[in-house]
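J.: Okay, here's the structure, questions in a sec.
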Amino acid sequence: MGMQCEATRILVLMDYFLPGFRGGGPIRSIANLAAELGGEFHFRIVTRDRDLGSTSPYAGVKVDAWNDVGNARVFYASPGRWRSAALGRLVRGIPHDLLYLNSCFSRPCTILPLVLRRLGYGSSAPVILAPRGEFSEGALALKPRRKQAYIFISKLAGLYRGLWWQATAESEAGDIRRTIGYGAEQILVVPNLLSQQALEGRVVAPPPRRGALRLVFLSRISPKKNLEYLLKVLSEVAADLVCDVYGPIEDPAYWENCRRLIRALPANVNVRHRGELPPQQVHDVLTEYDLFVLPTLGENFGHVVAEALGAGTPVLISDRTPWRSRPNGGVRALPLEDRAAWVRYIEQCAALDDQSLARLRTAASSIARELADNQEAALRYRDMFHRAVAGRAGSAVPTSP
């Protein structure tokens, strides 16, 4: 009888994971990946024992121990385990064939493992590094000196030597090449796997508008997500509208600036901060709105955009993501440099009757159905993991949403 091949063991390091949600898209990216391919690959995830900004561990998880979470095993490390020496020992003690990193600038989850690897004390397994949009021009413009200094020192020290880069779209591959230059030869373009539950959820038509257009902003409240820009746009809109803002306040000083803008808005514009929205409520809440708006400074994907489309909610987004305007109107991507275009589009939507808005909702739902087939993306993930483990070069063919 022949020898049976064992499944590839993939060790994932990331600051935040389920049941957390404040860490945004990377949580959903890895959760969807484990759900789709956890039967073929052994995913071991090391993460913090609490959500972003929280001082208490998650309820119902075993801390400093392995937990079964869907198709993955997750080690929720207490704060003491995040000290450099302790985390280094933890990683070295977990058998793995591949190390999968999900940020460029995380000190414990990327910088430390790469430094130890370079010094010969860390993991000897192949490494895949997914920057998750951190190299977009908009993202690098935030705290630029610190980031550029780190990137310069990292390249000088050879931290990126021999590793693989994952981009989720060709535009992100270009960002990686522009930022890293020499040392970014091995880039695989592999799109995100999406949540089937979010894309195939029941779409419920909202009640009649009764005059005011209903907008929703759902994201972290931080400079990168650019809520301040949206508020400046809304200050110039003449139509009646309501804009509900959902998301954790990641940057209190930035939120205070937003609050000043909200207080100065004209009487026809009503903006309300509705707090955080747990993941299980996102779909049903998004169905209540006429337009999802995200003037982000940069995204490598944007899971919440796919979730909005899955809820049948049309999307207005900046052109600094892989998403592009669709002829059917389900997605409109506009440049941030043309604020008047944002004002015009919102006023055009406000002038639509319920029947016309229903057609836009149908268009959004049709895009979600296009995205629901994960088979090609799953094939590319399989290919990426096997190539990295085997050390084979090559590049997957990109797709654009």
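Ordering of the structure tokens sets the chain letters (A, B, ...), residue numbers begin anew at 1 in every chain, and ligands are numbered from 1 in the order given.
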Residues near range 69-86 of chain A, anyone? I mean within 9 Å using only C-alpha atoms, not counting same-chain ones fewer than 6 positions away, as a PyMOL selection string.
T.: chain A and resi 17-18+31+34-39+42-50+57+61-63+108+112
J.: For the residues in that selection, give me N, CA and C atoms as a short mmCIF file (atom, residue, chain, number, x, y, z; two decimals), in the first residue's frame.
T.:
data_model
loop_
_atom_site.label_atom_id
_atom_site.label_comp_id
_atom_site.auth_asym_id
_atom_site.auth_seq_id
_atom_site.Cartn_x
_atom_site.Cartn_y
_atom_site.Cartn_z
N PHE A 17 -8.79 37.88 14.79
CA PHE A 17 -9.56 36.87 14.06
C PHE A 17 -10.90 36.70 14.75
N LEU A 18 -11.74 35.86 14.17
CA LEU A 18 -13.05 35.58 14.75
C LEU A 18 -12.91 35.14 16.21
N ALA A 31 -11.11 33.92 7.35
CA ALA A 31 -12.25 33.08 7.73
C ALA A 31 -12.86 32.42 6.50
N ALA A 34 -10.44 29.61 5.26
CA ALA A 34 -10.51 28.38 6.06
C ALA A 34 -11.81 27.64 5.81
N ALA A 35 -12.91 28.38 5.65
CA ALA A 35 -14.21 27.74 5.41
C ALA A 35 -14.20 26.99 4.08
N GLU A 36 -13.53 27.55 3.08
CA GLU A 36 -13.54 26.96 1.74
C GLU A 36 -12.52 25.83 1.59
N LEU A 37 -11.34 26.00 2.15
CA LEU A 37 -10.25 25.06 1.89
C LEU A 37 -9.74 24.33 3.14
N GLY A 38 -10.43 24.52 4.27
CA GLY A 38 -9.99 23.88 5.50
C GLY A 38 -10.04 22.38 5.47
N GLY A 39 -10.81 21.81 4.55
CA GLY A 39 -10.84 20.36 4.43
C GLY A 39 -9.65 19.80 3.68
N HIS A 42 -4.41 22.10 6.43
CA HIS A 42 -4.53 22.25 7.88
C HIS A 42 -4.16 23.70 8.25
N PHE A 43 -5.16 24.50 8.58
CA PHE A 43 -4.93 25.89 8.96
C PHE A 43 -4.77 25.98 10.46
N ARG A 44 -3.65 26.54 10.90
CA ARG A 44 -3.40 26.84 12.30
C ARG A 44 -3.22 28.35 12.42
N ILE A 45 -4.07 28.99 13.16
CA ILE A 45 -4.09 30.45 13.24
C ILE A 45 -3.69 30.89 14.64
N VAL A 46 -2.69 31.76 14.73
CA VAL A 46 -2.29 32.36 16.00
C VAL A 46 -2.73 33.82 15.98
N THR A 47 -3.49 34.21 17.00
CA THR A 47 -4.06 35.55 17.03
C THR A 47 -4.21 36.02 18.48
N ARG A 48 -4.64 37.25 18.64
CA ARG A 48 -4.84 37.80 19.99
C ARG A 48 -6.11 37.21 20.61
N ASP A 49 -6.19 37.27 21.92
CA ASP A 49 -7.35 36.72 22.63
C ASP A 49 -8.47 37.75 22.80
N ARG A 50 -8.36 38.89 22.10
CA ARG A 50 -9.36 39.95 22.23
C ARG A 50 -9.42 40.76 20.94
N PRO A 57 -10.66 39.51 27.16
CA PRO A 57 -10.64 38.39 26.21
C PRO A 57 -12.04 38.08 25.69
N VAL A 61 -13.88 31.36 24.62
CA VAL A 61 -12.71 30.75 23.98
C VAL A 61 -11.70 30.36 25.05
N LYS A 62 -10.90 29.34 24.75
CA LYS A 62 -9.83 28.93 25.64
C LYS A 62 -8.59 29.76 25.31
N VAL A 63 -8.11 30.51 26.27
CA VAL A 63 -6.97 31.39 26.07
C VAL A 63 -5.67 30.62 26.27
N PRO A 108 4.23 42.20 15.84
CA PRO A 108 4.35 40.80 16.30
C PRO A 108 4.10 39.79 15.18
N LEU A 112 8.43 40.74 13.52
CA LEU A 112 9.18 39.80 14.36
C LEU A 112 9.48 38.49 13.64
#
J.: Do a neighbour search on Ala351 in chain A at 10 Å with only C-alpha atoms, toss out local chain neighbours closer than 5 positions, and write the hits as a ChimeraX atom specification.
T.: /A:211-213,239-240,345-346,356-357
J.: Selection from above, N, CA and C atoms, as a PDB file, in the first residue's frame, can you write it?
T.:
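Result file result.pdb:
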ATOM      1  N   GLY A 211     -39.352  60.328   0.841  1.00  0.00           N
ATOM      2  CA  GLY A 211     -38.685  61.602   0.594  1.00  0.00           C
ATOM      3  C   GLY A 211     -37.177  61.565   0.677  1.00  0.00           C
ATOM      4  N   ALA A 212     -36.600  61.126   1.781  1.00  0.00           N
ATOM      5  CA  ALA A 212     -35.155  61.232   1.987  1.00  0.00           C
ATOM      6  C   ALA A 212     -34.423  59.997   1.460  1.00  0.00           C
ATOM      7  N   LEU A 213     -33.327  60.226   0.736  1.00  0.00           N
ATOM      8  CA  LEU A 213     -32.456  59.146   0.299  1.00  0.00           C
ATOM      9  C   LEU A 213     -31.725  58.571   1.515  1.00  0.00           C
ATOM     10  N   ALA A 239     -30.314  67.800  -1.862  1.00  0.00           N
ATOM     11  CA  ALA A 239     -31.455  66.907  -1.652  1.00  0.00           C
ATOM     12  C   ALA A 239     -31.559  66.494  -0.190  1.00  0.00           C
ATOM     13  N   ASP A 240     -32.754  66.047   0.207  1.00  0.00           N
ATOM     14  CA  ASP A 240     -32.952  65.511   1.558  1.00  0.00           C
ATOM     15  C   ASP A 240     -32.351  64.106   1.634  1.00  0.00           C
ATOM     16  N   TYR A 345     -23.750  62.648  -8.242  1.00  0.00           N
ATOM     17  CA  TYR A 345     -24.283  61.281  -8.259  1.00  0.00           C
ATOM     18  C   TYR A 345     -25.273  61.060  -7.122  1.00  0.00           C
ATOM     19  N   ILE A 346     -24.956  61.556  -5.936  1.00  0.00           N
ATOM     20  CA  ILE A 346     -25.884  61.394  -4.812  1.00  0.00           C
ATOM     21  C   ILE A 346     -27.182  62.129  -5.081  1.00  0.00           C
ATOM     22  N   SER A 356     -37.122  53.141  -9.977  1.00  0.00           N
ATOM     23  CA  SER A 356     -35.757  53.254 -10.496  1.00  0.00           C
ATOM     24  C   SER A 356     -34.738  52.768  -9.472  1.00  0.00           C
ATOM     25  N   LEU A 357     -34.967  53.071  -8.196  1.00  0.00           N
ATOM     26  CA  LEU A 357     -34.072  52.563  -7.158  1.00  0.00           C
ATOM     27  C   LEU A 357     -34.141  51.039  -7.082  1.00  0.00           C
TER      28      LEU A 357
END
J.: Between CA of Leu163 in chain A and CA of Ala125 in chain A, measure the distance and give it in Å to one decimal.
T.: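 Distance between the two atoms: 9.8 Å.
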J.: Name the closest residue to Thr313 in chain A among the candidates A:Arg214, A:Arg387, A:Arg22, A:Arg326; distances are taken between atoms, counting only C-alpha atoms.
T.: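 When distances to Thr313 in chain A are compared using only C-alpha atoms, the smallest one comes from A:Arg214.
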J.: As a ChimeraX atom specification, please: all residues of range 239-339 of chain A that backbone DSSP puts in strand (DSSP E).
T.: /A:241-246,269-273,291-294,315-318,331-334
J.: Skip Pro191 in chain A itself and residues of its chain fewer than 5 positions away, then list as an NGL selection string all residues within 12 Å of it, counting only C-alpha atoms.
T.: :A and (29 or 32-33 or 130 or 132 or 166-173 or 300-303 or 322 or 371 or 374-381 or 384 or 396-401)
J.: Which polymer residues have any atom within 7 Å of an atom of range 88-98 of chain A, counting only C-alpha atoms, with same-chain residues fewer than 2 positions away left out, as a list of chain:residue names?
T.: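 Within the cut-off, the hits are A:Thr8, A:Arg9, A:Ile10, A:Leu11, A:Ser84, A:Ala85, A:Ala86, A:Tyr100, A:Gly122, A:Ser123, A:Ala125, A:Pro126, A:Val127, A:Val389.
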J.: So the first atom is CA of Glu307 in chain A and the second is CA of Leu294 in chain A; what is the distance between them in Å, to one decimal place?
T.: 12.8 Å
J.: Between A:Thr179, A:Val282, A:Cys258, A:Ala139, which one has atoms that come closest to Lys155 in chain A, using only C-alpha atoms?
T.: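 Checking each of A:Thr179, A:Val282, A:Cys258, A:Ala139 against Lys155 in chain A, counting only C-alpha atoms, the winner is A:Thr179.
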J.: Assign secondary structure with DSSP using the backbone only, and return the residues of range 134-274 of chain A in helix (DSSP H, G or I) as a PyMOL selection string.
T.: chain A and resi 137-140+144-157+170-180+196-199+223-225+227-234+252-263
J.: Quick one, how far is CA of Asp373 in chain A from CA of Leu193 in chain A?
T.: 9.2 Å
